[in-house]
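Asker: Below: one structure in structure tokens.
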Amino acid sequence: MGEGVTYSLVLGPFHPAWRGPQRFDLRVSGERIADVEYHDGFNERGCAERLPRLDLPQALHLVTRVCGTCSFAHSLAFCQAIEQLCNLEVSERAQALRVVTAEFERIASHTRAAAALLHTLGMDSYASDLRHLREQAQQALQALSGARIIPDLCLPGGLRRDLTQRDRETLLVALPKLNRSLFRFIDRLIDHRPLLARTVEVGVLTRAAAEQFGVHGPLARASGIQRDTRTDAPYAAYARLNFKPITQDGGDVYARLMLLLLEAYESIKLIEAALAELPAGEWRGEMPEALPKGQASATAEGPHGLIRYTLEGDGERLKHVRIDTPRQLDRLLTRTLLAQAMLDNVVAIIVSTDPCLACAEH
């Protein structure tokens, strides 16, 4: 196309190049994006409005299915809100196992997202290696919860099932191998020249813009913002595990990719620490028969950022539920990321943000 030629291009929803339920109307001038119109709302389900119509076991069942990649994080925030409302104690063993499960979910989500980005960039052999690592994380989730995805594990006051000593020992043997594999993978990728050429200073979200838009999770931390619920408002066993958030300063596609991989690597170390000193004792939880009158709010750091559940009880059951999830791609973020981007980079920029429409359009 000539430099002065301007045309429009529609990407999505459910497009061969972009399978997410969003539509991007791109106005292209030459080979660069001149303007973007963003459309969402194709996947809205009204989960928060449905929850008060259900009894508590049914409500928790729905909460675990709000999002497949953030399933445990949603159930953990929901259960912590019930625990506040009902003044329930959680044992140290259950708290540690909640961290283990949450971090395996993070590894599975981050490696999936990084693999999708590498596939978009044409680096299929690297993407295949990451999918293998993700498979190991999902197998660990199955050992913990009985399910590779959507782990129905969390209950108010504890868990549905315990980790057997045999499975704990198996994980403690497997984790160093997973650690070494991911370390070698990152080491191979970190100075990969073709990758750097495609991703550095591409799709930049500056720290100032990230602060202005109030983004959370990996998207914020890849722009240098040290914002993480696991340290800002510690829950479960995070305060005992000496966890420190990871950040990258570039705010570009490369920084977002590295942030996902480095966080997955840090998650392995957190799991090892939690399992190495796993407390003995009670672990069971159970659903309360009724909810006291009042309101409670609790948060968890899901794979995409802060998830908050605010619950109101009427003395017997749920009266009102509010679900707050991390800010995802929207009109302002899309325009910021894609303005003047090369057309060939558009899909990679979008994929690098790891958008979670299941959370955003709950």
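Going through the structure tokens in order, the chains are called A, B, and so on, while each chain numbers its residues from 1 and the ligands are numbered from 1 in the order shown.
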Give me, as a Markdown table, each residue of range 30-80 of chain A that comes within 12 Å of range 145-161 of chain A, together with its shortest interatomic pair and the distance in Å at one decimal, counting only C-alpha atoms, with rows ordered by chain and rising residue number.

Answerer:
```
| residue | atom | partner | partner_atom | distance |
| --- | --- | --- | --- | --- |
| A:Leu56 | CA | A:Pro156 | CA | 10.5 |
| A:Pro57 | CA | A:Leu155 | CA | 9.4 |
| A:Gln58 | CA | A:Asp152 | CA | 11.9 |
| A:Ala59 | CA | A:Leu155 | CA | 11.7 |
| A:Leu60 | CA | A:Leu155 | CA | 8.4 |
| A:His61 | CA | A:Asp152 | CA | 7.6 |
| A:Leu62 | CA | A:Asp152 | CA | 10.4 |
| A:Val63 | CA | A:Asp152 | CA | 9.9 |
| A:Thr64 | CA | A:Ile150 | CA | 6.3 |
| A:Arg65 | CA | A:Ile150 | CA | 6.7 |
| A:Val66 | CA | A:Ile150 | CA | 9.6 |
| A:Cys67 | CA | A:Ile150 | CA | 8.3 |
| A:Gly68 | CA | A:Ile150 | CA | 5.9 |
| A:Thr69 | CA | A:Ile149 | CA | 7.5 |
| A:Cys70 | CA | A:Ile150 | CA | 8.3 |
| A:Ser71 | CA | A:Ile150 | CA | 5.4 |
| A:Phe72 | CA | A:Pro151 | CA | 6.2 |
| A:Ala73 | CA | A:Cys154 | CA | 9.4 |
| A:His74 | CA | A:Cys154 | CA | 9.7 |
| A:Ser75 | CA | A:Cys154 | CA | 6.3 |
| A:Leu76 | CA | A:Cys154 | CA | 6.2 |
| A:Ala77 | CA | A:Cys154 | CA | 9.7 |
| A:Phe78 | CA | A:Pro156 | CA | 8.5 |
| A:Cys79 | CA | A:Pro156 | CA | 4.8 |
| A:Gln80 | CA | A:Pro156 | CA | 6.8 |
```

Asker: Just the residues within 7 Å of Arg230 in chain A, please, counting only C-alpha atoms, with nothing from its chain fewer than 5 positions along; format it as a list in words.

Answerer: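 The neighbour list is Tyr235, Tyr238 and Glu301 of chain A.
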
Asker: Quick one: of A:Arg131, A:Leu88, A:Glu272, A:Asp249, who's nearest to Leu172 in chain A, counting only C-alpha atoms?

Answerer: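 Closest to Leu172 in chain A of all the choices is A:Glu272.
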
Asker: Nearest residue to Gly302 in chain A out of A:Cys356, A:Ala209, A:Ala339, A:Met123, using only C-alpha atoms?

Answerer: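 So, comparing all the options, the nearest one is A:Cys356.
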
Asker: Which residues, written as a ChimeraX atom specification, have at least one atom at most 10 Å from range 221-224 of chain A, with only C-alpha atoms counted and residues fewer than 3 positions away on the same chain left out?

Answerer: /A:204-211,215-218,227-228,245-260,305,353

Asker: Using C-alpha atoms, can you export the residues from the last selection as a tab-separated table (two decimals), in the first residue's frame?

Answerer:
```tsv
chain	number	residue	atom	x	y	z
A	204	VAL	CA	4.22	0.48	24.55
A	205	LEU	CA	2.08	1.21	27.62
A	206	THR	CA	4.08	3.74	29.60
A	207	ARG	CA	4.06	3.75	33.38
A	208	ALA	CA	2.23	7.10	33.38
A	209	ALA	CA	-0.50	5.73	31.11
A	210	ALA	CA	-0.79	2.52	33.14
A	211	GLU	CA	-1.18	4.58	36.33
A	215	VAL	CA	-4.46	-1.24	35.29
A	216	HIS	CA	-3.54	-4.16	37.53
A	217	GLY	CA	-1.77	-7.48	37.29
A	218	PRO	CA	0.95	-8.36	34.76
A	227	ARG	CA	1.17	-3.43	42.35
A	228	ASP	CA	0.30	-6.93	43.58
A	245	PRO	CA	6.53	-8.74	43.08
A	246	ILE	CA	8.43	-8.81	39.80
A	247	THR	CA	8.34	-5.80	37.49
A	248	GLN	CA	9.64	-4.87	34.05
A	249	ASP	CA	10.12	-1.29	32.93
A	250	GLY	CA	9.71	-1.43	29.15
A	251	GLY	CA	5.91	-1.53	28.97
A	252	ASP	CA	6.20	-3.11	25.51
A	253	VAL	CA	5.41	-6.54	24.05
A	254	TYR	CA	8.83	-7.85	25.13
A	255	ALA	CA	8.37	-6.64	28.72
A	256	ARG	CA	4.93	-8.25	28.93
A	257	LEU	CA	6.26	-11.57	27.61
A	258	MET	CA	9.21	-11.59	30.02
A	259	LEU	CA	6.99	-10.58	32.93
A	260	LEU	CA	4.70	-13.57	32.34
A	305	GLY	CA	-4.65	-9.10	38.45
A	353	THR	CA	-1.88	-8.03	27.02
```

Asker: Which residues, written as a PyMOL selection string, have at least one atom at most 10 Å from Leu130 in chain A, with only C-alpha atoms counted and residues fewer than 2 positions away on the same chain left out?

Answerer: chain A and resi 108+110-116+118+124-128+132-136+181-182+185+261

Asker: What are the closest atom pairs, with distances in Å to one decimal, for all residues of range 48-87 of chain A lying within 9 Å of range 314-338 of chain A? Consider only C-alpha atoms, order rows by chain and residue number, and present the result as CSV.

Answerer:
```
residue,atom,partner,partner_atom,distance
A:Ala48,CA,A:Val321,CA,5.5
A:Glu49,CA,A:Val321,CA,7.0
A:Arg50,CA,A:Val321,CA,8.9
A:Leu51,CA,A:Val321,CA,6.9
A:Pro52,CA,A:Leu318,CA,4.9
A:Arg53,CA,A:Leu318,CA,7.9
A:Leu54,CA,A:Leu318,CA,8.1
A:Asp55,CA,A:Arg317,CA,7.0
A:Leu56,CA,A:Arg317,CA,7.3
```

Asker: Can you tell me which residues surround Val5 in chain A at a distance of at most 10 Å, considering only C-alpha atoms, apart from same-chain residues fewer than 4 positions away, and format the answer as a VMD selection string?

Answerer: chain A and resid 1 28 to 31

Asker: Keeping only N, CA and C atoms, take the residues you just selected and write them out as a short mmCIF file (atom, residue, chain, number, x, y, z; two decimals), in the first residue's frame.

Answerer:
```cif
data_model
loop_
_atom_site.label_atom_id
_atom_site.label_comp_id
_atom_site.auth_asym_id
_atom_site.auth_seq_id
_atom_site.Cartn_x
_atom_site.Cartn_y
_atom_site.Cartn_z
N MET A 1 0.85 -1.20 0.00
CA MET A 1 0.00 0.00 0.00
C MET A 1 0.88 1.25 0.00
N VAL A 28 -6.40 2.27 8.80
CA VAL A 28 -4.98 2.09 8.48
C VAL A 28 -4.57 3.14 7.45
N SER A 29 -3.46 3.79 7.73
CA SER A 29 -2.88 4.76 6.80
C SER A 29 -1.50 4.25 6.41
N GLY A 30 -1.35 3.88 5.17
CA GLY A 30 -0.09 3.24 4.76
C GLY A 30 0.00 1.88 5.42
N GLU A 31 0.98 1.70 6.28
CA GLU A 31 1.15 0.45 7.01
C GLU A 31 0.97 0.63 8.52
#
```

Asker: Could you work out how far CA of Arg45 in chain A lies from CA of Gly294 in chain A, giving the answer in Å with one decimal?

Answerer: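 Here the two named atoms are 26.2 Å from each other.
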
Asker: Please return as a PyMOL selection string: the residues of range 10-129 of chain A that backbone DSSP assigns to strand (DSSP E).

Answerer: chain A and resi 10-11+23-29+32-39

Asker: Just the selected residues (C-alpha atoms), exported as a compact mmCIF listing (two decimals), in the first residue's frame, please.

Answerer:
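Written out: out_19.txt:
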```txt
# COMPACT_ATOMS: atom_id res chain seq x y z
CA VAL A 10 -12.19 -5.13 10.89
CA LEU A 11 -10.61 -7.63 13.27
CA ARG A 23 -14.15 -6.30 17.52
CA PHE A 24 -11.41 -3.89 16.50
CA ASP A 25 -12.27 -1.47 13.69
CA LEU A 26 -8.86 -0.35 12.47
CA ARG A 27 -8.29 2.67 10.23
CA VAL A 28 -4.98 2.09 8.48
CA SER A 29 -2.88 4.76 6.80
CA ARG A 32 0.32 2.08 10.36
CA ILE A 33 -2.79 2.27 12.53
CA ALA A 34 -4.25 5.75 12.36
CA ASP A 35 -7.28 5.13 14.61
CA VAL A 36 -9.08 2.32 16.43
CA GLU A 37 -12.67 1.75 17.46
CA TYR A 38 -13.15 -0.96 20.07
CA HIS A 39 -16.34 -2.94 20.63
```

Asker: When you count only C-alpha atoms, which of these residues is closest to Leu178 in chain A: A:Leu163, A:Ala143, A:Ala197, A:Ala137?

Answerer: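 Closest to Leu178 in chain A of all the choices is A:Ala137.
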
Asker: Closest to Ala296 in chain A among A:Glu103, A:Glu282, A:Asp354, A:Glu312, using only C-alpha atoms?

Answerer: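 Looking only at the distances to Ala296 in chain A, the closest residue turns out to be A:Glu312.
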
Asker: List every residue of range 90-287 of chain A that DSSP, applied to the backbone of this structure, assigns to alpha helix (DSSP H), and report them as a VMD selection string.

Answerer: chain A and resid 92 to 120 124 to 145 165 to 189 193 to 199 207 to 213 217 to 221 229 to 232 253 to 276

Asker: Okay, now the selection with C-alpha atoms, as a short mmCIF file (atom, residue, chain, number, x, y, z; two decimals), in the first residue's frame?

Answerer:
```cif
data_model
loop_
_atom_site.label_atom_id
_atom_site.label_comp_id
_atom_site.auth_asym_id
_atom_site.auth_seq_id
_atom_site.Cartn_x
_atom_site.Cartn_y
_atom_site.Cartn_z
CA GLU A 92 -2.32 -22.74 58.30
CA ARG A 93 -2.34 -25.94 56.25
CA ALA A 94 -5.35 -24.83 54.22
CA GLN A 95 -3.82 -21.38 53.74
CA ALA A 96 -0.59 -22.90 52.40
CA LEU A 97 -2.44 -25.25 50.05
CA ARG A 98 -4.50 -22.32 48.78
CA VAL A 99 -1.23 -20.58 47.82
CA VAL A 100 0.04 -23.74 46.10
CA THR A 101 -3.13 -24.07 44.04
CA ALA A 102 -3.27 -20.36 43.17
CA GLU A 103 0.35 -20.38 41.97
CA PHE A 104 -0.09 -23.51 39.85
CA GLU A 105 -3.10 -21.78 38.27
CA ARG A 106 -0.89 -18.73 37.62
CA ILE A 107 1.81 -20.87 35.98
CA ALA A 108 -0.77 -22.56 33.75
CA SER A 109 -2.30 -19.21 32.74
CA HIS A 110 1.00 -17.37 32.18
CA THR A 111 2.60 -20.15 30.14
CA ARG A 112 -0.57 -20.42 28.03
CA ALA A 113 -0.51 -16.67 27.36
CA ALA A 114 3.22 -16.60 26.59
CA ALA A 115 2.85 -19.61 24.27
CA ALA A 116 0.00 -17.86 22.42
CA LEU A 117 2.17 -14.77 21.92
CA LEU A 118 5.16 -16.79 20.69
CA HIS A 119 2.86 -18.63 18.27
CA THR A 120 1.57 -15.28 16.98
CA ASP A 124 6.15 -22.29 17.18
CA SER A 125 8.95 -24.46 18.57
CA TYR A 126 9.25 -22.16 21.59
CA ALA A 127 5.47 -22.12 21.97
CA SER A 128 5.45 -25.92 21.95
CA ASP A 129 8.03 -26.04 24.76
CA LEU A 130 5.87 -23.73 26.87
CA ARG A 131 2.77 -25.82 26.25
CA HIS A 132 4.68 -28.80 27.65
CA LEU A 133 5.51 -26.80 30.79
CA ARG A 134 1.87 -25.77 31.09
CA GLU A 135 0.83 -29.42 30.89
CA GLN A 136 2.99 -30.14 33.93
CA ALA A 137 1.28 -27.34 35.89
CA GLN A 138 -2.15 -28.68 34.95
CA GLN A 139 -1.16 -32.17 36.06
CA ALA A 140 -0.15 -30.70 39.41
CA LEU A 141 -3.53 -28.95 39.64
CA GLN A 142 -5.17 -32.30 39.06
CA ALA A 143 -3.17 -33.86 41.91
CA LEU A 144 -4.29 -31.03 44.20
CA SER A 145 -7.92 -30.67 43.25
CA GLN A 165 1.90 -37.07 51.53
CA ARG A 166 2.66 -39.10 48.41
CA ASP A 167 1.49 -36.30 46.10
CA ARG A 168 3.42 -33.74 48.14
CA GLU A 169 6.63 -35.76 47.77
CA THR A 170 5.98 -36.20 44.04
CA LEU A 171 5.55 -32.46 43.62
CA LEU A 172 8.70 -31.68 45.62
CA VAL A 173 10.66 -33.93 43.25
CA ALA A 174 9.01 -32.50 40.10
CA LEU A 175 9.23 -28.80 40.98
CA PRO A 176 13.06 -28.42 40.71
CA LYS A 177 12.89 -30.02 37.26
CA LEU A 178 10.14 -27.60 36.23
CA ASN A 179 12.21 -24.76 37.71
CA ARG A 180 15.28 -25.71 35.67
CA SER A 181 13.28 -26.20 32.47
CA LEU A 182 11.66 -22.78 32.73
CA PHE A 183 14.97 -21.11 33.67
CA ARG A 184 16.66 -22.61 30.59
CA PHE A 185 13.72 -21.54 28.43
CA ILE A 186 13.91 -17.93 29.65
CA ASP A 187 17.69 -17.92 29.23
CA ARG A 188 17.31 -19.05 25.59
CA LEU A 189 14.69 -16.42 24.87
CA ARG A 193 17.54 -11.25 18.33
CA PRO A 194 14.52 -11.87 16.05
CA LEU A 195 12.25 -11.71 19.11
CA LEU A 196 13.80 -8.45 20.25
CA ALA A 197 13.35 -6.97 16.79
CA ARG A 198 9.63 -7.84 16.79
CA THR A 199 8.76 -6.86 20.36
CA ARG A 207 4.06 3.75 33.38
CA ALA A 208 2.23 7.10 33.38
CA ALA A 209 -0.50 5.73 31.11
CA ALA A 210 -0.79 2.52 33.14
CA GLU A 211 -1.18 4.58 36.33
CA GLN A 212 -3.76 6.84 34.67
CA PHE A 213 -5.82 3.90 33.42
CA GLY A 217 -1.77 -7.48 37.29
CA PRO A 218 0.95 -8.36 34.76
CA LEU A 219 -0.10 -5.53 32.46
CA ALA A 220 0.72 -3.00 35.21
CA ARG A 221 3.86 -4.74 36.44
CA THR A 229 -2.43 -7.94 46.05
CA ARG A 230 -0.22 -10.73 47.37
CA THR A 231 2.01 -8.08 49.00
CA ASP A 232 -0.28 -5.03 49.11
CA VAL A 253 5.41 -6.54 24.05
CA TYR A 254 8.83 -7.85 25.13
CA ALA A 255 8.37 -6.64 28.72
CA ARG A 256 4.93 -8.25 28.93
CA LEU A 257 6.26 -11.57 27.61
CA MET A 258 9.21 -11.59 30.02
CA LEU A 259 6.99 -10.58 32.93
CA LEU A 260 4.70 -13.57 32.34
CA LEU A 261 7.64 -15.97 32.19
CA LEU A 262 9.45 -14.52 35.21
CA GLU A 263 6.26 -14.56 37.28
CA ALA A 264 5.72 -18.21 36.38
CA TYR A 265 9.29 -18.91 37.49
CA GLU A 266 8.67 -17.06 40.78
CA SER A 267 5.45 -19.04 41.26
CA ILE A 268 7.43 -22.29 41.18
CA LYS A 269 9.66 -20.99 43.99
CA LEU A 270 6.61 -19.93 46.03
CA ILE A 271 5.08 -23.39 45.65
CA GLU A 272 8.33 -25.07 46.69
CA ALA A 273 8.53 -22.88 49.81
CA ALA A 274 4.90 -23.54 50.73
CA LEU A 275 5.22 -27.32 50.29
CA ALA A 276 8.63 -27.62 51.96
#
```
